[in-house]
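Here is the file start-v9.cif (mmCIF, C-alpha atoms and all ligand atoms).
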data_my_file
#
loop_
_atom_site.label_atom_id
_atom_site.label_comp_id
_atom_site.auth_asym_id
_atom_site.auth_seq_id
_atom_site.Cartn_x
_atom_site.Cartn_y
_atom_site.Cartn_z
CA SER T 1 -9.15 -28.53 165.14
CA ASP T 2 -5.77 -26.97 164.33
CA PRO T 3 -6.15 -23.16 164.76
CA ASP T 4 -3.67 -22.53 161.98
CA LEU T 5 -5.75 -24.57 159.51
CA VAL T 6 -8.93 -22.86 160.66
CA ALA T 7 -7.36 -19.46 159.98
CA ARG T 8 -6.12 -20.60 156.56
CA ALA T 9 -9.54 -21.98 155.59
CA ARG T 10 -11.16 -18.70 156.64
CA ALA T 11 -8.64 -16.62 154.71
CA ALA T 12 -8.92 -18.70 151.53
CA LYS T 13 -12.72 -18.66 151.68
CA ALA T 14 -12.68 -14.89 152.14
CA ARG T 15 -10.37 -14.49 149.12
CA LEU T 16 -12.82 -16.50 147.01
CA GLY T 17 -15.91 -14.65 148.25
CA ASP T 18 -19.06 -15.35 146.21
CA ARG T 19 -17.06 -17.32 143.66
CA VAL T 20 -17.25 -20.36 145.95
CA PHE T 21 -20.22 -22.10 147.53
CA VAL T 22 -19.49 -24.85 150.08
CA LEU T 23 -22.04 -27.63 150.61
CA GLY T 24 -21.78 -29.98 153.59
CA HIS T 25 -23.62 -33.26 154.08
CA HIS T 26 -24.82 -33.95 157.63
CA TYR T 27 -22.30 -36.82 157.97
CA GLN T 28 -19.31 -34.52 157.57
CA ARG T 29 -16.90 -33.78 160.41
CA ASP T 30 -17.59 -30.71 162.60
CA GLU T 31 -14.33 -29.12 161.41
CA VAL T 32 -15.70 -29.21 157.84
CA ILE T 33 -19.33 -28.33 158.64
CA GLU T 34 -18.00 -25.12 160.20
CA PHE T 35 -17.13 -23.88 156.70
CA ALA T 36 -20.28 -25.04 154.91
CA ASP T 37 -22.52 -22.33 153.48
CA VAL T 38 -25.34 -24.81 153.59
CA THR T 39 -25.81 -28.24 155.19
CA GLY T 40 -28.39 -30.82 154.28
CA ASP T 41 -29.41 -34.35 153.37
CA SER T 42 -28.73 -35.59 149.85
CA PHE T 43 -32.02 -34.23 148.51
CA LYS T 44 -31.61 -30.75 149.94
CA LEU T 45 -27.99 -30.51 148.79
CA ALA T 46 -28.88 -31.55 145.22
CA ARG T 47 -31.49 -28.79 145.12
CA ASP T 48 -29.23 -26.22 146.76
CA ALA T 49 -26.36 -26.94 144.37
CA ALA T 50 -28.69 -26.27 141.43
CA ALA T 51 -29.91 -23.05 143.03
CA ARG T 52 -26.52 -21.27 143.03
CA PRO T 53 -25.91 -20.33 139.39
CA GLN T 54 -23.64 -17.41 140.33
CA ALA T 55 -21.02 -19.54 142.13
CA GLU T 56 -18.08 -20.48 139.94
CA PHE T 57 -17.01 -23.32 142.25
CA ILE T 58 -19.26 -25.68 144.16
CA VAL T 59 -17.10 -27.35 146.81
CA PHE T 60 -18.99 -30.49 147.75
CA CYS T 61 -18.13 -31.82 151.20
CA GLY T 62 -19.79 -35.19 150.88
CA VAL T 63 -19.16 -38.23 148.72
CA HIS T 64 -18.53 -38.80 145.01
CA PHE T 65 -22.10 -39.56 143.88
CA MET T 66 -23.30 -36.32 145.47
CA ALA T 67 -20.68 -34.29 143.63
CA GLU T 68 -21.61 -36.03 140.35
CA SER T 69 -25.27 -35.21 140.91
CA ALA T 70 -24.36 -31.59 141.58
CA ASP T 71 -22.36 -31.48 138.33
CA ILE T 72 -25.33 -32.91 136.43
CA LEU T 73 -27.73 -30.34 137.88
CA THR T 74 -25.50 -27.27 137.56
CA SER T 75 -24.56 -25.33 134.44
CA ASP T 76 -21.56 -26.37 132.34
CA ASP T 77 -19.39 -23.43 133.38
CA GLN T 78 -19.83 -24.16 137.09
CA ARG T 79 -17.18 -26.43 138.49
CA VAL T 80 -17.95 -29.00 141.15
CA ILE T 81 -15.04 -29.93 143.41
CA LEU T 82 -14.72 -32.93 145.76
CA PRO T 83 -11.97 -32.13 148.32
CA ASP T 84 -10.75 -35.77 148.40
CA LEU T 85 -11.26 -37.91 145.32
CA ALA T 86 -11.16 -41.05 147.48
CA ALA T 87 -14.45 -40.08 149.16
CA GLY T 88 -16.63 -42.69 147.46
CA CYS T 89 -19.58 -44.69 148.77
CA SER T 90 -19.36 -48.45 149.15
CA MET T 91 -23.10 -48.80 148.49
CA ALA T 92 -22.92 -46.84 145.22
CA ASP T 93 -20.05 -49.14 144.15
CA MET T 94 -22.33 -52.19 144.55
CA ALA T 95 -24.10 -51.51 141.24
CA THR T 96 -22.02 -51.08 138.08
CA ALA T 97 -23.37 -50.09 134.66
CA GLU T 98 -22.51 -53.54 133.23
CA GLN T 99 -24.29 -55.38 136.03
CA VAL T 100 -27.39 -53.24 135.69
CA ALA T 101 -27.49 -53.67 131.90
CA GLU T 102 -27.25 -57.43 132.43
CA CYS T 103 -30.06 -57.30 134.98
CA TRP T 104 -32.27 -55.52 132.47
CA ASP T 105 -31.58 -58.31 129.96
CA VAL T 106 -32.61 -60.85 132.58
CA LEU T 107 -35.87 -58.94 133.15
CA ALA T 108 -36.45 -58.78 129.39
CA GLU T 109 -35.93 -62.53 129.07
CA ALA T 110 -38.46 -63.13 131.84
CA GLY T 111 -40.86 -60.88 129.91
CA VAL T 112 -41.13 -58.23 132.62
CA ALA T 113 -38.81 -55.41 131.46
CA ASP T 114 -41.62 -53.51 129.76
CA VAL T 115 -43.73 -53.41 132.93
CA THR T 116 -40.79 -52.47 135.16
CA VAL T 117 -39.78 -48.93 136.13
CA PRO T 118 -36.30 -48.39 137.57
CA VAL T 119 -36.02 -46.28 140.72
CA ALA T 120 -32.42 -45.51 141.61
CA TYR T 121 -31.38 -44.23 144.99
CA MET T 122 -29.34 -41.04 144.86
CA ASN T 123 -26.49 -43.17 146.25
CA SER T 124 -25.52 -44.49 142.82
CA SER T 125 -23.06 -43.54 140.09
CA ALA T 126 -23.99 -41.20 137.24
CA ASP T 127 -24.03 -44.26 134.92
CA ILE T 128 -26.79 -45.86 136.97
CA LYS T 129 -28.73 -42.61 137.02
CA ALA T 130 -28.40 -42.44 133.22
CA PHE T 131 -29.67 -46.03 132.91
CA THR T 132 -32.64 -44.99 135.03
CA GLY T 133 -33.35 -41.94 132.88
CA ARG T 134 -33.08 -43.99 129.68
CA HIS T 135 -35.70 -46.44 130.94
CA GLY T 136 -38.20 -43.84 132.08
CA GLY T 137 -37.44 -44.09 135.80
CA THR T 138 -36.66 -41.69 138.58
CA ILE T 139 -34.04 -41.04 141.22
CA CYS T 140 -35.08 -40.92 144.87
CA THR T 141 -33.47 -40.08 148.17
CA SER T 142 -34.36 -41.30 151.64
CA SER T 143 -36.66 -38.29 152.04
CA ASN T 144 -38.85 -38.94 148.97
CA ALA T 145 -38.59 -42.72 148.38
CA ARG T 146 -42.29 -43.28 148.98
CA ARG T 147 -43.38 -40.59 146.54
CA ALA T 148 -40.90 -41.95 143.99
CA LEU T 149 -42.30 -45.48 144.34
CA GLU T 150 -45.90 -44.30 144.13
CA TRP T 151 -45.05 -42.40 140.98
CA ALA T 152 -43.20 -45.40 139.52
CA PHE T 153 -46.01 -47.87 140.22
CA GLY T 154 -48.41 -45.38 138.61
CA GLN T 155 -46.44 -45.47 135.33
CA ARG T 156 -47.35 -49.01 134.33
CA PRO T 157 -50.63 -50.89 133.82
CA ALA T 158 -52.67 -51.09 137.01
CA GLY T 159 -51.87 -54.19 139.01
CA GLY T 160 -49.11 -55.36 136.68
CA GLY T 161 -46.36 -52.82 137.33
CA LYS T 162 -43.05 -53.56 139.00
CA VAL T 163 -40.18 -51.50 140.30
CA LEU T 164 -36.49 -52.31 140.00
CA PHE T 165 -35.05 -50.55 143.05
CA LEU T 166 -31.31 -50.05 143.23
CA PRO T 167 -28.78 -50.21 144.76
CA ASP T 168 -30.05 -50.17 148.40
CA GLN T 169 -32.27 -53.17 149.08
CA HIS T 170 -33.11 -51.85 152.55
CA LEU T 171 -34.46 -48.45 151.56
CA GLY T 172 -36.54 -50.13 148.83
CA ARG T 173 -37.92 -52.85 151.09
CA ASN T 174 -38.51 -50.55 154.06
CA THR T 175 -40.40 -48.04 151.97
CA ALA T 176 -42.57 -50.62 150.19
CA VAL T 177 -43.34 -52.71 153.26
CA ARG T 178 -43.45 -50.17 156.06
CA GLU T 179 -44.98 -47.23 154.25
CA MET T 180 -46.95 -48.65 151.34
CA GLY T 181 -48.50 -51.90 152.52
CA TYR T 182 -46.54 -54.32 150.33
CA SER T 183 -45.54 -57.60 151.93
CA LEU T 184 -42.05 -59.03 152.27
CA GLU T 185 -43.14 -61.70 149.76
CA ASP T 186 -43.80 -58.98 147.17
CA CYS T 187 -40.05 -58.26 147.23
CA VAL T 188 -37.29 -60.35 145.64
CA VAL T 189 -33.56 -59.66 145.79
CA TYR T 190 -31.54 -59.60 142.58
CA ASN T 191 -27.96 -60.70 143.26
CA PRO T 192 -25.66 -59.36 140.52
CA HIS T 193 -23.05 -61.99 141.38
CA LYS T 194 -25.31 -64.93 140.52
CA PRO T 195 -26.53 -66.10 137.09
CA ASN T 196 -29.92 -64.49 136.37
CA GLY T 197 -29.58 -62.62 139.65
CA GLY T 198 -30.29 -65.88 141.46
CA LEU T 199 -33.97 -65.62 140.47
CA SER T 200 -36.24 -67.70 138.26
CA ALA T 201 -38.45 -66.10 135.61
CA GLY T 202 -41.45 -67.13 137.73
CA GLN T 203 -40.11 -65.28 140.77
CA LEU T 204 -39.49 -62.17 138.68
CA ARG T 205 -43.02 -62.33 137.25
CA ALA T 206 -44.59 -62.70 140.69
CA ALA T 207 -42.57 -59.91 142.35
CA LYS T 208 -43.71 -56.31 142.74
CA MET T 209 -40.38 -54.97 143.98
CA ILE T 210 -37.14 -56.25 142.49
CA LEU T 211 -34.49 -55.12 144.98
CA TRP T 212 -30.83 -54.85 144.06
CA ARG T 213 -28.56 -56.67 146.49
CA GLY T 214 -26.79 -53.59 147.84
CA HIS T 215 -26.55 -52.08 151.29
CA CYS T 216 -24.79 -49.46 153.40
CA SER T 217 -22.09 -50.98 155.56
CA VAL T 218 -22.46 -48.21 158.14
CA HIS T 219 -26.21 -48.64 158.67
CA GLY T 220 -25.91 -52.41 158.22
CA ARG T 221 -24.13 -52.55 161.58
CA PHE T 222 -27.29 -51.76 163.54
CA SER T 223 -29.16 -54.88 164.58
CA LEU T 224 -32.34 -55.87 166.37
CA GLU T 225 -30.09 -56.59 169.33
CA SER T 226 -28.86 -52.96 169.35
CA VAL T 227 -32.49 -51.82 169.61
CA GLU T 228 -33.34 -54.31 172.37
CA ASP T 229 -30.16 -53.39 174.28
CA VAL T 230 -30.82 -49.68 174.25
CA ARG T 231 -34.46 -50.16 175.26
CA ALA T 232 -33.28 -52.20 178.24
CA ARG T 233 -30.62 -49.65 179.19
CA ILE T 234 -32.75 -46.49 178.78
CA PRO T 235 -36.41 -46.95 179.71
CA GLY T 236 -38.73 -44.80 177.58
CA VAL T 237 -36.07 -44.20 174.92
CA ASN T 238 -37.26 -43.20 171.43
CA VAL T 239 -35.47 -45.18 168.75
CA LEU T 240 -35.01 -43.15 165.56
CA VAL T 241 -33.22 -44.75 162.59
CA HIS T 242 -32.31 -44.04 158.98
CA PRO T 243 -34.18 -46.14 156.35
CA GLU T 244 -30.86 -47.63 155.14
CA CYS T 245 -31.05 -49.86 158.24
CA ARG T 246 -32.19 -53.46 157.92
CA ASN T 247 -35.91 -54.23 157.88
CA GLU T 248 -36.02 -55.77 161.36
CA VAL T 249 -34.28 -52.71 162.82
CA VAL T 250 -36.69 -50.33 161.12
CA ALA T 251 -39.64 -52.47 162.25
CA ALA T 252 -38.45 -52.29 165.87
CA ALA T 253 -37.79 -48.52 165.78
CA ASP T 254 -40.24 -45.78 166.77
CA LEU T 255 -39.39 -43.39 163.96
CA VAL T 256 -37.63 -43.70 160.61
CA GLY T 257 -36.32 -40.96 158.34
CA SER T 258 -33.57 -39.23 156.39
CA THR T 259 -30.83 -37.23 158.09
CA GLU T 260 -32.83 -34.02 157.65
CA TYR T 261 -35.87 -35.73 159.22
CA ILE T 262 -33.75 -36.92 162.16
CA ILE T 263 -32.53 -33.37 162.80
CA LYS T 264 -36.06 -31.94 162.69
CA ALA T 265 -37.43 -34.67 164.96
CA LEU T 266 -34.85 -33.80 167.61
CA ASP T 267 -35.48 -30.07 167.25
CA ALA T 268 -39.15 -30.78 168.00
CA ALA T 269 -38.49 -33.24 170.86
CA PRO T 270 -39.36 -32.11 174.39
CA ALA T 271 -36.61 -31.38 176.93
CA GLY T 272 -35.85 -34.39 179.10
CA SER T 273 -36.69 -36.94 176.39
CA SER T 274 -34.27 -39.76 175.49
CA TRP T 275 -33.25 -40.76 171.98
CA ALA T 276 -31.18 -43.55 170.45
CA ILE T 277 -30.19 -42.65 166.90
CA GLY T 278 -29.31 -45.21 164.22
CA THR T 279 -27.26 -43.27 161.71
CA GLU T 280 -23.71 -42.03 161.12
CA LEU T 281 -21.77 -40.99 164.21
CA ASN T 282 -20.63 -37.46 163.26
CA LEU T 283 -24.28 -36.45 163.00
CA VAL T 284 -25.30 -38.19 166.22
CA ARG T 285 -22.49 -36.52 168.18
CA ARG T 286 -23.36 -33.10 166.74
CA LEU T 287 -27.00 -33.59 167.69
CA ALA T 288 -26.05 -34.62 171.24
CA LYS T 289 -23.98 -31.43 171.56
CA ALA T 290 -26.73 -29.25 170.12
CA HIS T 291 -29.37 -30.60 172.53
CA PRO T 292 -27.85 -30.72 176.03
CA ASP T 293 -31.40 -30.78 177.47
CA LYS T 294 -32.08 -34.19 175.85
CA GLN T 295 -30.37 -37.53 176.22
CA ILE T 296 -29.11 -38.49 172.76
CA VAL T 297 -27.11 -41.69 172.30
CA PHE T 298 -25.76 -43.68 169.37
CA LEU T 299 -27.90 -46.76 168.75
CA ASP T 300 -25.04 -49.27 168.78
CA LYS T 301 -22.38 -49.88 171.42
CA THR T 302 -19.52 -49.76 168.92
CA VAL T 303 -18.75 -46.52 167.06
CA CYS T 304 -19.59 -46.25 163.43
CA PHE T 305 -18.35 -43.40 161.23
CA CYS T 306 -18.75 -43.47 157.48
CA SER T 307 -15.05 -43.80 156.60
CA THR T 308 -15.43 -42.26 153.15
CA MET T 309 -17.43 -39.25 154.39
CA ASN T 310 -14.67 -38.80 156.96
CA ARG T 311 -12.01 -38.57 154.27
CA ILE T 312 -13.01 -34.97 153.76
CA ASP T 313 -11.20 -33.27 156.62
CA LEU T 314 -9.92 -29.79 157.34
CA PRO T 315 -6.49 -30.30 155.67
CA HIS T 316 -8.23 -31.39 152.42
CA LEU T 317 -10.65 -28.48 152.61
CA VAL T 318 -7.83 -25.97 153.19
CA TRP T 319 -5.83 -27.40 150.29
CA THR T 320 -8.92 -27.20 148.05
CA LEU T 321 -9.85 -23.63 148.96
CA GLU T 322 -6.28 -22.34 148.77
CA SER T 323 -5.76 -24.00 145.38
CA LEU T 324 -8.95 -22.47 144.00
CA ALA T 325 -8.05 -19.06 145.41
CA ASP T 326 -4.63 -19.37 143.71
CA GLY T 327 -6.34 -20.10 140.38
CA LYS T 328 -5.71 -23.86 140.37
CA VAL T 329 -8.80 -25.97 139.80
CA VAL T 330 -8.26 -29.25 141.67
CA ASN T 331 -10.38 -32.41 142.06
CA ARG T 332 -13.05 -31.36 139.60
CA ILE T 333 -15.87 -33.90 139.16
CA THR T 334 -17.33 -34.07 135.67
CA VAL T 335 -19.88 -36.31 134.01
CA ASP T 336 -19.68 -36.89 130.24
CA PRO T 337 -22.43 -35.14 128.22
CA GLU T 338 -24.24 -38.31 127.06
CA THR T 339 -24.42 -39.76 130.58
CA GLU T 340 -25.38 -36.36 131.93
CA ARG T 341 -28.29 -35.97 129.50
CA PHE T 342 -30.08 -39.12 130.68
CA ALA T 343 -29.01 -38.84 134.32
CA ARG T 344 -30.44 -35.34 134.39
CA ARG T 345 -33.74 -36.65 133.06
CA ALA T 346 -33.97 -39.04 136.03
CA LEU T 347 -32.89 -36.39 138.54
CA GLU T 348 -35.35 -33.86 137.15
CA GLN T 349 -38.08 -36.47 137.43
CA MET T 350 -37.23 -36.70 141.13
CA LEU T 351 -37.27 -32.93 141.55
CA ALA T 352 -40.71 -32.89 139.87
CA LEU T 353 -42.24 -35.52 142.18
CA PRO T 354 -45.37 -34.19 143.87
P1 LIG H 401 -29.64 -38.69 153.44
O1 LIG H 401 -28.77 -37.52 153.78
O2 LIG H 401 -30.38 -38.42 152.20
O3 LIG H 401 -30.51 -39.10 154.57
O4 LIG H 401 -28.68 -39.92 153.07
C1 LIG H 401 -27.85 -40.52 153.94
C2 LIG H 401 -26.69 -41.15 153.30
O5 LIG H 401 -26.30 -42.24 153.57
C3 LIG H 401 -25.97 -40.41 152.33
O6 LIG H 401 -24.96 -41.21 151.93
FE1 LIG H 402 -22.50 -44.54 151.45
FE2 LIG H 402 -23.39 -45.52 153.77
FE3 LIG H 402 -21.45 -43.70 153.75
FE4 LIG H 402 -23.95 -43.00 153.09
S1 LIG H 402 -23.24 -43.71 155.08
S2 LIG H 402 -22.06 -42.43 152.02
S3 LIG H 402 -24.62 -44.88 152.03
S4 LIG H 402 -21.33 -45.79 152.87
#
Just give me the structure of the file as structure tokens.
Ligand code: 13P
Ligand code: SF4
Amino acid sequence: SDPDLVARARAAKARLGDRVFVLGHHYQRDEVIEFADVTGDSFKLARDAAARPQAEFIVFCGVHFMAESADILTSDDQRVILPDLAAGCSMADMATAEQVAECWDVLAEAGVADVTVPVAYMNSSADIKAFTGRHGGTICTSSNARRALEWAFGQRPAGGGKVLFLPDQHLGRNTAVREMGYSLEDCVVYNPHKPNGGLSAGQLRAAKMILWRGHCSVHGRFSLESVEDVRARIPGVNVLVHPECRNEVVAAADLVGSTEYIIKALDAAPAGSSWAIGTELNLVRRLAKAHPDKQIVFLDKTVCFCSTMNRIDLPHLVWTLESLADGKVVNRITVDPETERFARRALEQMLALP
């Protein structure tokens, strides 16, 4: 990266001292990660943001829903900053408040709303988190989805309970089927673009998991063919993928887990072992560099960055830090108090999961 920008970022961060705390998601560019006080998966970063009450500014190098969650979990006088406001998440955008409210009406009409608990993936807007909190549900991340689902199923009458999982159909399906013994037939997909979600009342009554029709376009690129290809190319390779991948990819993999899990698995892997990783490319490249004694490759042949994560780059970080050091608060992310109240309820339920 540009040495001049590196020096400016260092100088601005030094001027701010303890007033600023920089969080970096594992999918961020190396040039940004270099300035992170802490790195983590979405769960760890949500917890770490809440654990820094003395920092006046939380600079969140990640995407919009993460910064919103940090604002919800931090005190009102702490300011959460997203270095580029265009760093959204296409999956989070796949569920709007209006669509989810309509879905709940559809469930009510089918007579199943009162036995359904919403479980919203962290990758959702504050509005969706508030909906979840209002209806007695919880947030989950890829590192606690199973515990969240077990908790949710335990909230409703034995045998009759259902979960509305949103917005990532893959994380919901993978967790229920791969980790909890549900069958693919227990899951139905609610399509917000079709009348009644494209489902009959009978289908909704029979389902255990009602999955929102959302997905991650980055992880959606991995296919069964990518797994078969890499196994043919590298004999003995361990295939390790993120649970946002499609069900057939997860079923064909050796290990599945969140970004933090992926990092720990590679730390524990023996020298000389081979790994094909199905997650965002910045992280895979960083892991390959950090473990020269292991063969670490990207699962697919074509490259696959998360374009919105990549919007946060060194020039944006420098601009952000220099503005803050000059007394100008830029790109603040705020959630309105009413939304925050219910969204916090759902996030705190997640933090309280056993
Ligand atoms: P985790 O960091 O929780 O594994 O999530 C990955 C992701 O896609 C974040 O957008
Ligand atoms: Fe969203 Fe996928 Fe990017 Fe994660 S990797 S921020 S889910 S688009």
Could you list, as an mmCIF file with C-alpha atoms, keeping the file's coordinate frame, every residue within 9 Å of Met122 in chain T, counting all atoms listed in the file and ignoring same-chain residues fewer than 2 positions away?
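Ended up saving to part.cif:
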data_model
loop_
_atom_site.group_PDB
_atom_site.id
_atom_site.type_symbol
_atom_site.label_atom_id
_atom_site.label_comp_id
_atom_site.auth_asym_id
_atom_site.auth_seq_id
_atom_site.Cartn_x
_atom_site.Cartn_y
_atom_site.Cartn_z
ATOM 1 C CA SER T 42 -28.730 -35.590 149.850
ATOM 2 C CA PHE T 43 -32.020 -34.230 148.510
ATOM 3 C CA PHE T 65 -22.100 -39.560 143.880
ATOM 4 C CA MET T 66 -23.300 -36.320 145.470
ATOM 5 C CA SER T 69 -25.270 -35.210 140.910
ATOM 6 C CA ALA T 92 -22.920 -46.840 145.220
ATOM 7 C CA ALA T 120 -32.420 -45.510 141.610
ATOM 8 C CA SER T 124 -25.520 -44.490 142.820
ATOM 9 C CA SER T 125 -23.060 -43.540 140.090
ATOM 10 C CA LYS T 129 -28.730 -42.610 137.020
ATOM 11 C CA ILE T 139 -34.040 -41.040 141.220
ATOM 12 C CA CYS T 140 -35.080 -40.920 144.870
ATOM 13 C CA THR T 141 -33.470 -40.080 148.170
ATOM 14 C CA SER T 142 -34.360 -41.300 151.640
ATOM 15 C CA LEU T 347 -32.890 -36.390 138.540
#
Discussion item. Can you pull out every residue with an atom within 10 Å of ligand LIG 401 (chain H)? Use only C-alpha atoms and all ligand atoms and format it as a ChimeraX atom specification.
Written reply: /T:25-27,39-46,62-66,88-92,121-124,140-144,216-219,242-244,257-262,279-280,306,308-309
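The residue that comes closest to Leu266 in chain T, out of T:Cys103, T:Ala67, T:Ala290, T:Ala252 and on the basis of all atoms listed in the file, is T:Ala290.
Residue nearest Asp93 in chain T, chosen from T:Pro167, T:Pro315, T:Pro337, T:Pro235 and counting only C-alpha atoms: T:Pro167.
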Discussion item. Could you list, as a ChimeraX atom specification, every residue within 8 Å of Phe153 in chain T, counting only C-alpha atoms and ignoring same-chain residues fewer than 2 positions away?
Written reply: /T:117,149-151,155-156,161-163
Worksheet item: To one decimal place, how far is CA of Val303 in chain T from CA of Phe60 in chain T in Å?
Response: 25.1 Å
To box range 281-293 of chain T, take all atoms listed in the file, fit an axis-aligned box, add 6 Å on each side, and give centre and edge lengths in Å to one decimal, as JSON.
{"center_x": -26.0, "center_y": -35.1, "center_z": 170.2, "size_x": 22.8, "size_y": 23.7, "size_z": 26.5}
Worksheet item: If we count all atoms listed in the file, what is near Ile72 in chain T at a cut-off of 7 Å, once residues fewer than 6 positions away on the same chain are taken out, given as a PyMOL selection string?
Response: chain T and resi 335+340+344
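Proximity to ligand LIG 402 (chain H) was assessed for T:Val32, T:Cys304, T:Val237, T:Val227 counting all atoms listed in the file; the smallest distance is recorded for T:Cys304.
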Worksheet item: Quick one, how far is CA of Leu164 in chain T from CA of Trp212 in chain T?
Response: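 Result for CA of Leu164 in chain T versus CA of Trp212 in chain T: 7.4 Å, one decimal.
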Take range 218-231 of chain T from the preceding structure and save N, CA and C atoms as a JSON list (two decimals), in the first residue's frame.
[["chain", "number", "residue", "atom", "x", "y", "z"],
["T", 218, "VAL", "N", -21.40, -13.95, -2.69],
["T", 218, "VAL", "CA", -19.99, -14.38, -2.67],
["T", 218, "VAL", "C", -19.92, -15.89, -2.41],
["T", 219, "HIS", "N", -20.55, -16.35, -1.37],
["T", 219, "HIS", "CA", -20.50, -17.78, -1.03],
["T", 219, "HIS", "C", -21.34, -18.63, -1.98],
["T", 220, "GLY", "N", -22.32, -17.99, -2.64],
["T", 220, "GLY", "CA", -23.17, -18.70, -3.59],
["T", 220, "GLY", "C", -22.39, -19.14, -4.83],
["T", 221, "ARG", "N", -21.21, -18.57, -5.03],
["T", 221, "ARG", "CA", -20.42, -18.93, -6.21],
["T", 221, "ARG", "C", -19.78, -20.32, -6.08],
["T", 222, "PHE", "N", -19.58, -20.79, -4.88],
["T", 222, "PHE", "CA", -18.97, -22.12, -4.71],
["T", 222, "PHE", "C", -20.00, -23.19, -5.07],
["T", 223, "SER", "N", -19.54, -24.20, -5.79],
["T", 223, "SER", "CA", -20.47, -25.24, -6.23],
["T", 223, "SER", "C", -19.89, -26.61, -5.89],
["T", 224, "LEU", "N", -20.73, -27.62, -6.07],
["T", 224, "LEU", "CA", -20.28, -29.00, -5.86],
["T", 224, "LEU", "C", -19.11, -29.29, -6.79],
["T", 225, "GLU", "N", -19.20, -28.72, -7.99],
["T", 225, "GLU", "CA", -18.12, -28.89, -8.97],
["T", 225, "GLU", "C", -16.80, -28.31, -8.44],
["T", 226, "SER", "N", -16.85, -27.16, -7.76],
["T", 226, "SER", "CA", -15.60, -26.60, -7.20],
["T", 226, "SER", "C", -14.98, -27.59, -6.22],
["T", 227, "VAL", "N", -15.83, -28.26, -5.42],
["T", 227, "VAL", "CA", -15.31, -29.21, -4.44],
["T", 227, "VAL", "C", -14.70, -30.42, -5.16],
["T", 228, "GLU", "N", -15.43, -30.94, -6.15],
["T", 228, "GLU", "CA", -14.93, -32.12, -6.88],
["T", 228, "GLU", "C", -13.62, -31.80, -7.62],
["T", 229, "ASP", "N", -13.58, -30.61, -8.22],
["T", 229, "ASP", "CA", -12.37, -30.17, -8.94],
["T", 229, "ASP", "C", -11.16, -30.13, -8.04],
["T", 230, "VAL", "N", -11.32, -29.51, -6.87],
["T", 230, "VAL", "CA", -10.15, -29.34, -6.00],
["T", 230, "VAL", "C", -9.72, -30.69, -5.43],
["T", 231, "ARG", "N", -10.69, -31.57, -5.19],
["T", 231, "ARG", "CA", -10.32, -32.90, -4.67],
["T", 231, "ARG", "C", -9.53, -33.68, -5.73]]
